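A.B. asks: Here you go, one structure.
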Amino acid sequence: MNKVFRRIKRRIQITLFGNPDFKAIKYKELYLPPFRENQGLSDNADYIQSAIDQIEHLSQHFDFTEEKSILDFGCGQGRLANGLKTLGTSLGSYVGIDTHLKSIKWCQKWITKYGKPFKFIHLPAYNARYNTRAEQLQKLPFEADTFDLAFLNSVFSHMMTEDCVFYLNEFQRTLTTGGKVYITAFVEENVPNCEENPENYLGASKGHLHRVRFEKKFFLNLFDEAGFDVEVFSHQQITRTKQSVVIARKR
């Protein structure tokens, strides 16, 4: 009964006020999403600062210049793009890609108002948490040697090993030689190689692929086998989610 009531209420809201999913919050000079997939980031200042912290950490290992092209894989509602906009970071092009169609449509409506270099593409790839309607994984719709950086925030934290390997190989193909990947994931020592929603780990899990945890040596070896040299491993670098950060360079 409650579900029926919520559906009716939502239809009334859309009829009277427009679809709330495609509105934006104006915060300073930014457009922010009223709905947020990112855990614990309902506060606007915290939302932007979370992106700034990652960009500043990454800047120690990657030179942002007007010649560089960035792939934001699993871009969600454009959190990284808003961080780059806030900092006035130099870059040649930015492509955000995600399997969640609603998020991509929101970014296409609002984040592209910042003008070049921001572009967003929907990738209808299967994921047991975010897109069960798709049938399979999808190759990236880009030519070889297209990007200098692939940025993945909390993406491999919702993928099992086979899917991670698939996309590491896609990054190997689409990154330039010397290009880098920045990836966050749940990584610990002395645990099973790959485990979905492990018990008693960082609180209760909610649904499929809520927390996929990897064993450190096993996880870093995936990068090596895909043709990447790991330059940085920072355990639980993201204090909010306890995810570790890996920065690796394409050979």
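Chain labels run A, B, ... following the order of the structure tokens; each chain numbers its residues from 1, and ligands are numbered from 1 in the order shown.
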Where does segment 202-241 of chain A meet segment 148-157 of chain A within 7 Å, residue by residue, with the nearest atom pair and distance in Å to one decimal for each, counting only C-alpha atoms, listed by chain and rising number, as a tab-separated table?
C.D. replies:
```
residue	atom	partner	partner_atom	distance
A:Arg211	CA	A:Ser157	CA	5.7
A:Val212	CA	A:Ser157	CA	5.0
A:Arg213	CA	A:Ser157	CA	6.9
```
A.B. asks: Those same residues, written as an mmCIF file, in the first residue's frame with all heavy atoms?
C.D. replies:
```
data_model
loop_
_atom_site.group_PDB
_atom_site.id
_atom_site.type_symbol
_atom_site.label_atom_id
_atom_site.label_comp_id
_atom_site.auth_asym_id
_atom_site.auth_seq_id
_atom_site.Cartn_x
_atom_site.Cartn_y
_atom_site.Cartn_z
ATOM 1 N N ARG A 211 29.107 -4.242 -1.527
ATOM 2 C CA ARG A 211 30.545 -4.130 -1.262
ATOM 3 C C ARG A 211 31.240 -5.383 -1.793
ATOM 4 O O ARG A 211 31.019 -6.472 -1.268
ATOM 5 C CB ARG A 211 30.833 -3.996 0.234
ATOM 6 C CG ARG A 211 30.418 -2.685 0.852
ATOM 7 C CD ARG A 211 30.975 -2.555 2.268
ATOM 8 N NE ARG A 211 30.408 -1.398 2.943
ATOM 9 C CZ ARG A 211 29.330 -1.443 3.717
ATOM 10 N NH1 ARG A 211 28.720 -2.609 3.924
ATOM 11 N NH2 ARG A 211 28.863 -0.354 4.288
ATOM 12 N N VAL A 212 32.051 -5.212 -2.799
ATOM 13 C CA VAL A 212 32.890 -6.313 -3.278
ATOM 14 C C VAL A 212 34.303 -6.051 -2.757
ATOM 15 O O VAL A 212 34.893 -5.008 -3.051
ATOM 16 C CB VAL A 212 32.894 -6.409 -4.810
ATOM 17 C CG1 VAL A 212 33.840 -7.516 -5.258
ATOM 18 C CG2 VAL A 212 31.480 -6.672 -5.325
ATOM 19 N N ARG A 213 34.814 -6.984 -1.994
ATOM 20 C CA ARG A 213 36.136 -6.811 -1.382
ATOM 21 C C ARG A 213 37.154 -7.737 -2.037
ATOM 22 O O ARG A 213 36.872 -8.896 -2.317
ATOM 23 C CB ARG A 213 36.058 -7.125 0.116
ATOM 24 C CG ARG A 213 37.376 -6.886 0.865
ATOM 25 C CD ARG A 213 37.238 -7.238 2.329
ATOM 26 N NE ARG A 213 36.986 -8.669 2.522
ATOM 27 C CZ ARG A 213 36.680 -9.225 3.685
ATOM 28 N NH1 ARG A 213 36.550 -8.472 4.766
ATOM 29 N NH2 ARG A 213 36.470 -10.526 3.775
#
```
A.B. asks: Restrict the calculation to only C-alpha atoms, then for each residue of segment 141-184 of chain A with any atom at most 12 Å from an atom of segment 111-134 of chain A give the closest atom pair and their distance in Å to one decimal, rows by chain and rising residue number, as JSON lines.
C.D. replies:
```
{"residue": "A:Pro141", "atom": "CA", "partner": "A:Leu123", "partner_atom": "CA", "distance": 8.4}
{"residue": "A:Phe142", "atom": "CA", "partner": "A:Ile121", "partner_atom": "CA", "distance": 11.1}
{"residue": "A:Val155", "atom": "CA", "partner": "A:Asn127", "partner_atom": "CA", "distance": 10.5}
{"residue": "A:Phe156", "atom": "CA", "partner": "A:Asn127", "partner_atom": "CA", "distance": 11.2}
{"residue": "A:Ser157", "atom": "CA", "partner": "A:Arg129", "partner_atom": "CA", "distance": 11.1}
{"residue": "A:His158", "atom": "CA", "partner": "A:Arg129", "partner_atom": "CA", "distance": 7.4}
{"residue": "A:Met159", "atom": "CA", "partner": "A:Asn127", "partner_atom": "CA", "distance": 7.7}
{"residue": "A:Met160", "atom": "CA", "partner": "A:Asn127", "partner_atom": "CA", "distance": 9.9}
{"residue": "A:Glu162", "atom": "CA", "partner": "A:Asn127", "partner_atom": "CA", "distance": 11.9}
{"residue": "A:Asp163", "atom": "CA", "partner": "A:Asn127", "partner_atom": "CA", "distance": 9.1}
{"residue": "A:Cys164", "atom": "CA", "partner": "A:Asn127", "partner_atom": "CA", "distance": 11.6}
{"residue": "A:Phe166", "atom": "CA", "partner": "A:Ala125", "partner_atom": "CA", "distance": 11.8}
{"residue": "A:Tyr167", "atom": "CA", "partner": "A:Ala125", "partner_atom": "CA", "distance": 11.2}
```
A.B. asks: Save the residues we just selected, all heavy atoms, as an mmCIF file, in the first residue's frame?
C.D. replies:
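selection.cif, written as the output of this step:
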```
data_model
loop_
_atom_site.group_PDB
_atom_site.id
_atom_site.type_symbol
_atom_site.label_atom_id
_atom_site.label_comp_id
_atom_site.auth_asym_id
_atom_site.auth_seq_id
_atom_site.Cartn_x
_atom_site.Cartn_y
_atom_site.Cartn_z
ATOM 1 N N PRO A 141 33.009 2.435 -26.337
ATOM 2 C CA PRO A 141 32.802 2.893 -27.723
ATOM 3 C C PRO A 141 33.845 3.926 -28.169
ATOM 4 O O PRO A 141 33.512 5.008 -28.665
ATOM 5 C CB PRO A 141 31.402 3.513 -27.651
ATOM 6 C CG PRO A 141 31.321 4.069 -26.259
ATOM 7 C CD PRO A 141 32.079 3.076 -25.396
ATOM 8 N N PHE A 142 35.123 3.589 -27.979
ATOM 9 C CA PHE A 142 36.202 4.518 -28.309
ATOM 10 C C PHE A 142 37.306 3.789 -29.074
ATOM 11 O O PHE A 142 37.514 2.587 -28.898
ATOM 12 C CB PHE A 142 36.785 5.150 -27.038
ATOM 13 C CG PHE A 142 35.753 5.742 -26.116
ATOM 14 C CD1 PHE A 142 35.492 5.165 -24.886
ATOM 15 C CD2 PHE A 142 35.038 6.870 -26.491
ATOM 16 C CE1 PHE A 142 34.539 5.691 -24.044
ATOM 17 C CE2 PHE A 142 34.071 7.403 -25.657
ATOM 18 C CZ PHE A 142 33.818 6.819 -24.427
ATOM 19 N N VAL A 155 33.692 2.018 -8.526
ATOM 20 C CA VAL A 155 33.145 1.200 -9.609
ATOM 21 C C VAL A 155 33.513 -0.263 -9.394
ATOM 22 O O VAL A 155 32.638 -1.138 -9.352
ATOM 23 C CB VAL A 155 33.648 1.687 -10.981
ATOM 24 C CG1 VAL A 155 33.133 0.766 -12.096
ATOM 25 C CG2 VAL A 155 33.194 3.114 -11.233
ATOM 26 N N PHE A 156 34.799 -0.546 -9.225
ATOM 27 C CA PHE A 156 35.221 -1.919 -8.954
ATOM 28 C C PHE A 156 34.729 -2.395 -7.595
ATOM 29 O O PHE A 156 34.731 -3.600 -7.321
ATOM 30 C CB PHE A 156 36.735 -2.039 -9.037
ATOM 31 C CG PHE A 156 37.269 -2.117 -10.444
ATOM 32 C CD1 PHE A 156 36.448 -1.885 -11.543
ATOM 33 C CD2 PHE A 156 38.594 -2.444 -10.686
ATOM 34 C CE1 PHE A 156 36.927 -1.966 -12.840
ATOM 35 C CE2 PHE A 156 39.094 -2.534 -11.980
ATOM 36 C CZ PHE A 156 38.259 -2.289 -13.058
ATOM 37 N N SER A 157 34.286 -1.495 -6.754
ATOM 38 C CA SER A 157 33.680 -1.886 -5.475
ATOM 39 C C SER A 157 32.319 -2.538 -5.681
ATOM 40 O O SER A 157 31.753 -3.109 -4.746
ATOM 41 C CB SER A 157 33.529 -0.661 -4.566
ATOM 42 O OG SER A 157 32.818 0.371 -5.226
ATOM 43 N N HIS A 158 31.798 -2.474 -6.916
ATOM 44 C CA HIS A 158 30.508 -3.084 -7.250
ATOM 45 C C HIS A 158 30.631 -4.035 -8.440
ATOM 46 O O HIS A 158 29.676 -4.235 -9.191
ATOM 47 C CB HIS A 158 29.471 -1.999 -7.545
ATOM 48 C CG HIS A 158 29.350 -0.964 -6.478
ATOM 49 N ND1 HIS A 158 28.968 -1.271 -5.191
ATOM 50 C CD2 HIS A 158 29.584 0.371 -6.494
ATOM 51 C CE1 HIS A 158 28.958 -0.166 -4.462
ATOM 52 N NE2 HIS A 158 29.337 0.836 -5.220
ATOM 53 N N MET A 159 31.825 -4.614 -8.609
ATOM 54 C CA MET A 159 32.049 -5.570 -9.688
ATOM 55 C C MET A 159 32.828 -6.766 -9.170
ATOM 56 O O MET A 159 33.708 -6.620 -8.328
ATOM 57 C CB MET A 159 32.861 -4.937 -10.833
ATOM 58 C CG MET A 159 32.114 -3.953 -11.690
ATOM 59 S SD MET A 159 33.166 -3.409 -13.084
ATOM 60 C CE MET A 159 32.026 -2.317 -13.929
ATOM 61 N N MET A 160 32.529 -7.939 -9.715
ATOM 62 C CA MET A 160 33.302 -9.124 -9.411
ATOM 63 C C MET A 160 34.523 -9.179 -10.333
ATOM 64 O O MET A 160 34.662 -8.375 -11.272
ATOM 65 C CB MET A 160 32.443 -10.378 -9.561
ATOM 66 C CG MET A 160 31.193 -10.369 -8.668
ATOM 67 S SD MET A 160 31.572 -10.311 -6.893
ATOM 68 C CE MET A 160 32.087 -12.023 -6.609
ATOM 69 N N GLU A 162 35.712 -11.022 -12.830
ATOM 70 C CA GLU A 162 35.595 -11.152 -14.284
ATOM 71 C C GLU A 162 35.283 -9.817 -14.946
ATOM 72 O O GLU A 162 35.842 -9.476 -15.998
ATOM 73 C CB GLU A 162 34.506 -12.177 -14.626
ATOM 74 C CG GLU A 162 34.354 -12.444 -16.112
ATOM 75 C CD GLU A 162 33.308 -13.492 -16.409
ATOM 76 O OE1 GLU A 162 32.767 -14.094 -15.451
ATOM 77 O OE2 GLU A 162 33.029 -13.727 -17.595
ATOM 78 N N ASP A 163 34.396 -9.029 -14.318
ATOM 79 C CA ASP A 163 34.036 -7.735 -14.881
ATOM 80 C C ASP A 163 35.187 -6.749 -14.771
ATOM 81 O O ASP A 163 35.436 -5.953 -15.690
ATOM 82 C CB ASP A 163 32.807 -7.176 -14.164
ATOM 83 C CG ASP A 163 31.560 -8.010 -14.426
ATOM 84 O OD1 ASP A 163 31.675 -9.065 -15.083
ATOM 85 O OD2 ASP A 163 30.480 -7.629 -13.957
ATOM 86 N N CYS A 164 35.901 -6.781 -13.651
ATOM 87 C CA CYS A 164 37.060 -5.902 -13.485
ATOM 88 C C CYS A 164 38.114 -6.178 -14.550
ATOM 89 O O CYS A 164 38.680 -5.250 -15.144
ATOM 90 C CB CYS A 164 37.665 -6.077 -12.093
ATOM 91 S SG CYS A 164 36.599 -5.544 -10.732
ATOM 92 N N PHE A 166 37.658 -7.504 -17.491
ATOM 93 C CA PHE A 166 37.126 -7.063 -18.778
ATOM 94 C C PHE A 166 37.425 -5.587 -18.998
ATOM 95 O O PHE A 166 37.907 -5.180 -20.071
ATOM 96 C CB PHE A 166 35.616 -7.316 -18.833
ATOM 97 C CG PHE A 166 34.955 -6.874 -20.112
ATOM 98 C CD1 PHE A 166 34.843 -7.744 -21.184
ATOM 99 C CD2 PHE A 166 34.441 -5.590 -20.228
ATOM 100 C CE1 PHE A 166 34.234 -7.335 -22.367
ATOM 101 C CE2 PHE A 166 33.833 -5.169 -21.399
ATOM 102 C CZ PHE A 166 33.725 -6.044 -22.467
ATOM 103 N N TYR A 167 37.143 -4.767 -17.997
ATOM 104 C CA TYR A 167 37.320 -3.328 -18.186
ATOM 105 C C TYR A 167 38.774 -2.890 -18.055
ATOM 106 O O TYR A 167 39.191 -1.928 -18.711
ATOM 107 C CB TYR A 167 36.398 -2.553 -17.246
ATOM 108 C CG TYR A 167 34.974 -2.592 -17.745
ATOM 109 C CD1 TYR A 167 33.979 -3.263 -17.037
ATOM 110 C CD2 TYR A 167 34.629 -2.004 -18.955
ATOM 111 C CE1 TYR A 167 32.684 -3.329 -17.520
ATOM 112 C CE2 TYR A 167 33.338 -2.067 -19.441
ATOM 113 C CZ TYR A 167 32.367 -2.728 -18.729
ATOM 114 O OH TYR A 167 31.087 -2.801 -19.220
#
```
A.B. asks: As a PyMOL selection string, which residues of segment 24-247 of chain A does DSSP assign to helix (DSSP H, G or I)?
C.D. replies: chain A and resi 44-58+79-87+101-114+156-158+161-174+216-225
A.B. asks: Atom CA of Gly88 of chain A to atom CA of Gln172 of chain A: how many Å, to one decimal?
C.D. replies: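 Between atom CA of Gly88 of chain A and atom CA of Gln172 of chain A the gap is 28.3 Å.
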A.B. asks: So which residues touch Asp43 of chain A within 12 Å, counting only C-alpha atoms, skipping near sequence neighbours fewer than 4 positions away, as an MDAnalysis selection string?
C.D. replies: chainID A and resid 25 27 32:36 38:39 47:50
A.B. asks: Can you list, as a PDB file with C-alpha atoms, in the first residue's frame, every protein, DNA or RNA residue that comes within 12 Å of Tyr201 of chain A when you count only C-alpha atoms, leaving out same-chain residues fewer than 3 positions away?
C.D. replies:
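Listing of out27.pdb after writing:
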```
ATOM      1  CA  PHE A 186      37.606  -2.318  -1.114  1.00  0.00           C
ATOM      2  CA  VAL A 187      41.019  -3.966  -0.713  1.00  0.00           C
ATOM      3  CA  GLU A 188      42.419  -5.753   2.347  1.00  0.00           C
ATOM      4  CA  VAL A 191      41.017 -12.098   3.006  1.00  0.00           C
ATOM      5  CA  GLU A 195      34.062 -11.682  -1.974  1.00  0.00           C
ATOM      6  CA  GLU A 196      30.645 -10.106  -2.448  1.00  0.00           C
ATOM      7  CA  ASN A 197      29.177  -8.445   0.642  1.00  0.00           C
ATOM      8  CA  PRO A 198      31.529 -10.026   3.223  1.00  0.00           C
ATOM      9  CA  ALA A 204      25.512  -4.226   6.810  1.00  0.00           C
ATOM     10  CA  SER A 205      25.339  -4.715   3.053  1.00  0.00           C
ATOM     11  CA  HIS A 210      26.954  -3.471  -2.346  1.00  0.00           C
ATOM     12  CA  ARG A 211      30.545  -4.130  -1.262  1.00  0.00           C
ATOM     13  CA  VAL A 212      32.890  -6.313  -3.278  1.00  0.00           C
ATOM     14  CA  ARG A 213      36.136  -6.811  -1.382  1.00  0.00           C
ATOM     15  CA  THR A 241      33.957   4.852   2.426  1.00  0.00           C
ATOM     16  CA  LYS A 242      37.191   3.099   3.523  1.00  0.00           C
ATOM     17  CA  GLN A 243      38.044   2.368  -0.094  1.00  0.00           C
TER      18      GLN A 243
END
```
A.B. asks: Rank A:Asp229, A:Glu135, A:Asp98, A:Asp46 by their smallest atom-to-atom distance to Gly78 of chain A, using only C-alpha atoms, and report the top residue only.
C.D. replies: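 Residue with the minimum atom-to-atom distance to Gly78 of chain A: A:Asp98.
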A.B. asks: Find the distance between atom CA of Phe171 of chain A and atom CA of Arg249 of chain A and write it in Å to one decimal.
C.D. replies: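 These two atoms are separated by 10.6 Å.
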A.B. asks: Choose the residue, out of A:Glu199, A:Arg79, A:Leu71, A:Thr65, that has the smallest atom-to-atom separation from Leu175 of chain A; count only C-alpha atoms.
C.D. replies: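 With only C-alpha atoms as the atom set, the closest residue is A:Leu71.
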A.B. asks: Residues of segment 10-231 of chain A in strand (DSSP E or B) according to DSSP, as an MDAnalysis selection string?
C.D. replies: chainID A and resid 25:27 30:32 69:73 93:98 118:122 127 131 147:152 175:188 194:196 212:215 228:231
A.B. asks: Could you dump the residues just selected with C-alpha atoms as a CSV table (one decimal), in the first residue's frame?
C.D. replies:
```
chain,number,residue,atom,x,y,z
A,25,ILE,CA,20.5,22.6,-7.2
A,26,LYS,CA,22.3,25.8,-8.0
A,27,TYR,CA,25.3,25.9,-5.6
A,30,LEU,CA,27.7,24.8,-10.1
A,31,TYR,CA,24.8,22.6,-10.9
A,32,LEU,CA,24.4,19.8,-8.4
A,69,SER,CA,41.8,13.6,-22.2
A,70,ILE,CA,39.9,12.1,-19.3
A,71,LEU,CA,37.5,9.2,-19.2
A,72,ASP,CA,35.3,9.3,-16.1
A,73,PHE,CA,34.0,5.7,-16.0
A,93,SER,CA,38.5,16.7,-23.1
A,94,TYR,CA,36.3,15.0,-20.5
A,95,VAL,CA,33.9,12.1,-21.3
A,96,GLY,CA,31.7,10.8,-18.6
A,97,ILE,CA,30.2,7.3,-19.1
A,98,ASP,CA,27.8,5.3,-17.0
A,118,PHE,CA,32.3,18.0,-21.0
A,119,LYS,CA,30.5,15.2,-22.7
A,120,PHE,CA,28.4,12.3,-21.4
A,121,ILE,CA,27.6,8.9,-22.9
A,122,HIS,CA,25.2,6.1,-21.8
A,127,ASN,CA,25.5,-4.8,-13.7
A,131,ASN,CA,21.5,-2.2,-14.6
A,147,PHE,CA,42.4,8.8,-23.3
A,148,ASP,CA,45.3,9.8,-21.0
A,149,LEU,CA,43.4,9.0,-17.8
A,150,ALA,CA,40.6,6.6,-16.8
A,151,PHE,CA,39.0,7.7,-13.5
A,152,LEU,CA,36.9,5.1,-11.6
A,175,LEU,CA,44.4,4.6,-23.0
A,176,THR,CA,47.5,6.1,-24.6
A,177,THR,CA,50.9,4.5,-23.7
A,178,GLY,CA,51.8,5.8,-20.3
A,179,GLY,CA,48.2,6.7,-19.6
A,180,LYS,CA,46.9,6.0,-16.1
A,181,VAL,CA,44.0,4.5,-14.3
A,182,TYR,CA,42.8,5.8,-11.0
A,183,ILE,CA,40.6,3.2,-9.2
A,184,THR,CA,39.0,3.0,-5.8
A,185,ALA,CA,38.0,-0.4,-4.3
A,186,PHE,CA,37.6,-2.3,-1.1
A,187,VAL,CA,41.0,-4.0,-0.7
A,188,GLU,CA,42.4,-5.8,2.3
A,194,CYS,CA,37.2,-11.7,-4.2
A,195,GLU,CA,34.1,-11.7,-2.0
A,196,GLU,CA,30.6,-10.1,-2.4
A,212,VAL,CA,32.9,-6.3,-3.3
A,213,ARG,CA,36.1,-6.8,-1.4
A,214,PHE,CA,39.4,-8.0,-2.9
A,215,GLU,CA,42.6,-9.4,-1.4
A,228,PHE,CA,49.6,-1.9,-16.0
A,229,ASP,CA,52.4,-1.0,-13.6
A,230,VAL,CA,51.0,0.0,-10.2
A,231,GLU,CA,52.5,3.3,-9.1
```
A.B. asks: May I ask which of the residues A:Phe218, A:Thr174, A:Gln77, A:Glu67 is the closest one to Lys109 of chain A, counting only C-alpha atoms?
C.D. replies: A:Gln77
A.B. asks: State, in Å with one decimal place, the distance from atom CA of Gln60 of chain A to atom CA of Ser90 of chain A.
C.D. replies: 14.6 Å
A.B. asks: Which residues come within 9 Å of Ala51 of chain A, counting only C-alpha atoms, excluding same-chain residues fewer than 6 positions away, as number ranges by chain?
C.D. replies: A: 79-84
A.B. asks: Please save N, CA and C atoms of the selected residues as a PDB file, in the first residue's frame.
C.D. replies:
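Okay, this is what ended up in part09.pdb:
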```
ATOM      1  N   ARG A  79      29.989  14.166 -10.382  1.00  0.00           N
ATOM      2  CA  ARG A  79      30.681  14.683  -9.197  1.00  0.00           C
ATOM      3  C   ARG A  79      32.107  15.119  -9.542  1.00  0.00           C
ATOM      4  N   LEU A  80      32.852  14.271 -10.273  1.00  0.00           N
ATOM      5  CA  LEU A  80      34.214  14.629 -10.651  1.00  0.00           C
ATOM      6  C   LEU A  80      34.217  15.863 -11.546  1.00  0.00           C
ATOM      7  N   ALA A  81      33.293  15.926 -12.495  1.00  0.00           N
ATOM      8  CA  ALA A  81      33.218  17.076 -13.396  1.00  0.00           C
ATOM      9  C   ALA A  81      33.012  18.359 -12.609  1.00  0.00           C
ATOM     10  N   ASN A  82      32.173  18.310 -11.587  1.00  0.00           N
ATOM     11  CA  ASN A  82      31.960  19.500 -10.764  1.00  0.00           C
ATOM     12  C   ASN A  82      33.202  19.860  -9.961  1.00  0.00           C
ATOM     13  N   GLY A  83      33.959  18.859  -9.537  1.00  0.00           N
ATOM     14  CA  GLY A  83      35.212  19.137  -8.853  1.00  0.00           C
ATOM     15  C   GLY A  83      36.214  19.799  -9.776  1.00  0.00           C
ATOM     16  N   LEU A  84      36.329  19.292 -11.004  1.00  0.00           N
ATOM     17  CA  LEU A  84      37.225  19.890 -11.989  1.00  0.00           C
ATOM     18  C   LEU A  84      36.811  21.319 -12.311  1.00  0.00           C
TER      19      LEU A  84
END
```
A.B. asks: Hey, which of A:Gln54, A:Gly207, A:Phe22, A:Gly40 ends up closest to Ile238 of chain A? Count only C-alpha atoms.
C.D. replies: A:Gln54
